[in-house]
Amino acid sequence: MASVSQCDIIASNAFLLSPNDIIIPATMTSYTGFDWIHWLPLDTLGLTGYIGYHWRLARSCPAFCNCRKKTADCSQRELVVAPTGFPLDISNLSMAHNKVHALPLDYFSCYTELLVLDLRNNSLSDLPDGLFVPLKKLMHLDLSYNNLSWVTRELLEPTQNLASLTLSHNPGLSVIGLSPLSRLQYLDISHNGLTSISQQLLDGLPATVSLRLAGNPWFCGCTMEPLLKWVLRHRHQCNSDSKEVVCAAPVQVKDIPLSTLTEESFKACRFSLSLDDYLFIAFVGFAVSIASVAMNFLLGITANCCHRWSKASEEEEM
């Protein structure tokens, strides 16, 4: 006989019943389609009563959610805590437009078939690294309109199958680290708090990706050169909003579209000096200073001698 796994208990909501009664828990709005229900005496677990679980995938659905086939819709339900107890074969999950502020590290551990995950417009501020490890098949992820401050490379590294990633409208999002996502077709990082973007992130994007960048307070200094080169390469493509990317600082280029700048604007950024160069410059500066003092001293002595010679000549004439 197969053992009860954690995912079986989650999916069937671990409902308890007596030998003669079947009790459907209040946390379930639907309970249909069980295949081969097996009643396991809880004496084997050191408890009393019975627990119902199934040999195949449970068809449970959390309260306040609508489940149909492999889709669960929990959107616009004023949820503060993320619900649990979805069917194990769920492929499309929406918790959009709620007030969920956190997700436990193991929240998705039983939902490995997810292809679409919509978490937009919640209050998420910190997603733990490893949260998406079970979601190897995930293709579409929406984290827009939350309170994220950073997205780490480790967080999204397991989602190598991603085709669409939306991170827009997180006003405090200032750091994004992405591992190379070879299948990514759409990346939206617009309207965040980004001031620059790394060369590593840009290099990891497929050449045909649609990238949304507008609405960030971009600092068009030396760190912006990699993005400028990317914008120039994609200036005439329809899959980018690069023409809408505007510099927020420094003041000399404020409100100027990044696409109007040229690589010559960043020419000074490529001029760098080594430690030996700085030491040489310091030595030359010191030597020039000493030479200047010595020259002034010699000029002073010469002037004094000329003055004395002129005075002595005048006395002799008299």
# chains A, B, ... in the order shown; residues from 1 in each chain; ligands from 1
$ select_by_dssp --residues "segment 92-317 of chain A" --states "strand (DSSP E)" --output "ChimeraX atom specification"
/A:92-94,116-118,140-142,150-151,164-166,175-176,186-188,210-212,218-219,247-249
$ write_last_selection --atoms "C-alpha atoms" --output "mmCIF file, in the first residue's frame"
data_model
loop_
_atom_site.group_PDB
_atom_site.id
_atom_site.type_symbol
_atom_site.label_atom_id
_atom_site.label_comp_id
_atom_site.auth_asym_id
_atom_site.auth_seq_id
_atom_site.Cartn_x
_atom_site.Cartn_y
_atom_site.Cartn_z
ATOM 1 C CA ASN A 92 -2.911 27.807 -14.387
ATOM 2 C CA LEU A 93 -3.134 29.684 -11.078
ATOM 3 C CA SER A 94 -4.260 33.268 -10.561
ATOM 4 C CA VAL A 116 0.940 30.096 -15.793
ATOM 5 C CA LEU A 117 1.256 31.958 -12.483
ATOM 6 C CA ASP A 118 -0.421 35.346 -11.982
ATOM 7 C CA HIS A 140 4.338 32.787 -17.778
ATOM 8 C CA LEU A 141 4.981 34.668 -14.536
ATOM 9 C CA ASP A 142 3.415 38.007 -13.567
ATOM 10 C CA TRP A 150 14.831 43.251 -5.553
ATOM 11 C CA VAL A 151 14.651 40.123 -7.704
ATOM 12 C CA SER A 164 7.008 35.756 -20.390
ATOM 13 C CA LEU A 165 8.137 37.609 -17.245
ATOM 14 C CA THR A 166 6.379 40.748 -15.996
ATOM 15 C CA VAL A 175 17.909 45.547 -8.319
ATOM 16 C CA ILE A 176 17.166 42.805 -10.850
ATOM 17 C CA TYR A 186 8.803 39.036 -23.227
ATOM 18 C CA LEU A 187 10.375 40.890 -20.291
ATOM 19 C CA ASP A 188 8.648 43.885 -18.711
ATOM 20 C CA SER A 210 10.555 42.113 -26.282
ATOM 21 C CA LEU A 211 11.906 44.336 -23.511
ATOM 22 C CA ARG A 212 9.886 47.053 -21.761
ATOM 23 C CA TRP A 218 17.504 55.940 -15.350
ATOM 24 C CA PHE A 219 20.836 57.519 -14.406
ATOM 25 C CA CYS A 247 17.157 59.903 -18.581
ATOM 26 C CA ALA A 248 16.274 61.119 -15.077
ATOM 27 C CA ALA A 249 19.833 62.193 -14.179
#
$ residues_around --residues "segment 119-123 of chain A" --least-positions-apart "2" --cutoff "12 Å" --atoms "only C-alpha atoms" --output "PyMOL selection string"
chain A and resi 73-82+92-103+116-117+125-127+140-149+165-170
$ write_last_selection --atoms "C-alpha atoms" --output "compact mmCIF listing (two decimals), in the first residue's frame"
# COMPACT_ATOMS: atom_id res chain seq x y z
CA ASP A 73 -8.93 31.49 -10.13
CA CYS A 74 -8.49 33.12 -6.73
CA SER A 75 -8.37 36.70 -8.00
CA GLN A 76 -10.16 39.69 -6.44
CA ARG A 77 -11.05 37.91 -3.19
CA GLU A 78 -9.39 40.27 -0.69
CA LEU A 79 -7.08 37.42 0.32
CA VAL A 80 -4.32 38.26 2.81
CA VAL A 81 -2.90 34.74 3.07
CA ALA A 82 -2.24 32.61 -0.01
CA ASN A 92 -2.91 27.81 -14.39
CA LEU A 93 -3.13 29.68 -11.08
CA SER A 94 -4.26 33.27 -10.56
CA MET A 95 -4.11 35.09 -7.24
CA ALA A 96 -4.19 38.54 -8.84
CA HIS A 97 -5.75 41.61 -7.21
CA ASN A 98 -5.53 40.49 -3.59
CA LYS A 99 -3.53 41.58 -0.53
CA VAL A 100 -1.19 38.61 -0.16
CA HIS A 101 2.04 39.85 1.42
CA ALA A 102 4.18 36.69 1.58
CA LEU A 103 4.60 33.20 0.16
CA VAL A 116 0.94 30.10 -15.79
CA LEU A 117 1.26 31.96 -12.48
CA SER A 125 7.65 42.53 -0.82
CA ASP A 126 10.15 39.68 -0.45
CA LEU A 127 10.20 36.38 -2.31
CA HIS A 140 4.34 32.79 -17.78
CA LEU A 141 4.98 34.67 -14.54
CA ASP A 142 3.42 38.01 -13.57
CA LEU A 143 4.70 39.81 -10.44
CA SER A 144 3.67 43.32 -11.46
CA TYR A 145 2.04 45.85 -9.14
CA ASN A 146 3.64 44.55 -5.94
CA ASN A 147 6.12 45.98 -3.44
CA LEU A 148 9.25 44.11 -4.49
CA SER A 149 12.61 45.73 -3.75
CA LEU A 165 8.14 37.61 -17.25
CA THR A 166 6.38 40.75 -16.00
CA LEU A 167 7.99 42.70 -13.15
CA SER A 168 6.60 46.15 -13.90
CA HIS A 169 5.11 48.70 -11.49
CA ASN A 170 7.12 47.78 -8.40
$ atom_distance --atom1 "atom CA of Cys220 of chain A" --atom2 "atom CA of Glu154 of chain A"
27.6 Å
$ atom_distance --atom1 "atom CA of His234 of chain A" --atom2 "atom CA of Arg183 of chain A"
18.4 Å
$ select_by_dssp --residues "segment 117-236 of chain A" --states "helix (DSSP H, G or I)" --output "list in words"
Arg153, Glu154, Leu155, Leu156, Gln199, Gln200, Leu201, Leu202, Asp203, Cys222, Thr223, Met224, Glu225, Pro226, Leu227, Leu228, Lys229, Trp230, Val231, Leu232 and Arg233 of chain A
$ write_last_selection --atoms "C-alpha atoms" --output "compact mmCIF listing (two decimals), in the first residue's frame"
# COMPACT_ATOMS: atom_id res chain seq x y z
CA ARG A 153 19.32 35.68 -9.91
CA GLU A 154 18.77 32.66 -7.63
CA LEU A 155 15.01 33.29 -7.40
CA LEU A 156 14.32 32.86 -11.12
CA GLN A 199 25.75 44.06 -18.78
CA GLN A 200 25.33 40.50 -17.53
CA LEU A 201 21.53 40.74 -17.58
CA LEU A 202 21.46 42.18 -21.10
CA ASP A 203 23.91 39.59 -22.40
CA CYS A 222 28.87 55.44 -17.33
CA THR A 223 26.87 52.46 -15.99
CA MET A 224 24.22 53.16 -18.62
CA GLU A 225 26.47 52.48 -21.61
CA PRO A 226 25.53 48.76 -21.92
CA LEU A 227 21.84 49.66 -22.07
CA LEU A 228 22.52 52.41 -24.61
CA LYS A 229 24.22 49.89 -26.91
CA TRP A 230 21.25 47.54 -26.51
CA VAL A 231 18.81 50.36 -27.29
CA LEU A 232 20.77 51.36 -30.39
CA ARG A 233 20.74 47.78 -31.66
$ closest_residue --among "A:Cys65, A:Val245, A:Leu115, A:Ala287" --to "Thr260 of chain A" --atoms "only C-alpha atoms"
A:Val245
$ closest_residue --among "A:Leu178, A:Leu298, A:Ala207, A:Cys7" --to "Phe108 of chain A" --atoms "only C-alpha atoms"
A:Cys7
$ atom_distance --atom1 "atom CA of Asn304 of chain A" --atom2 "atom CA of Val288 of chain A"
24.0 Å
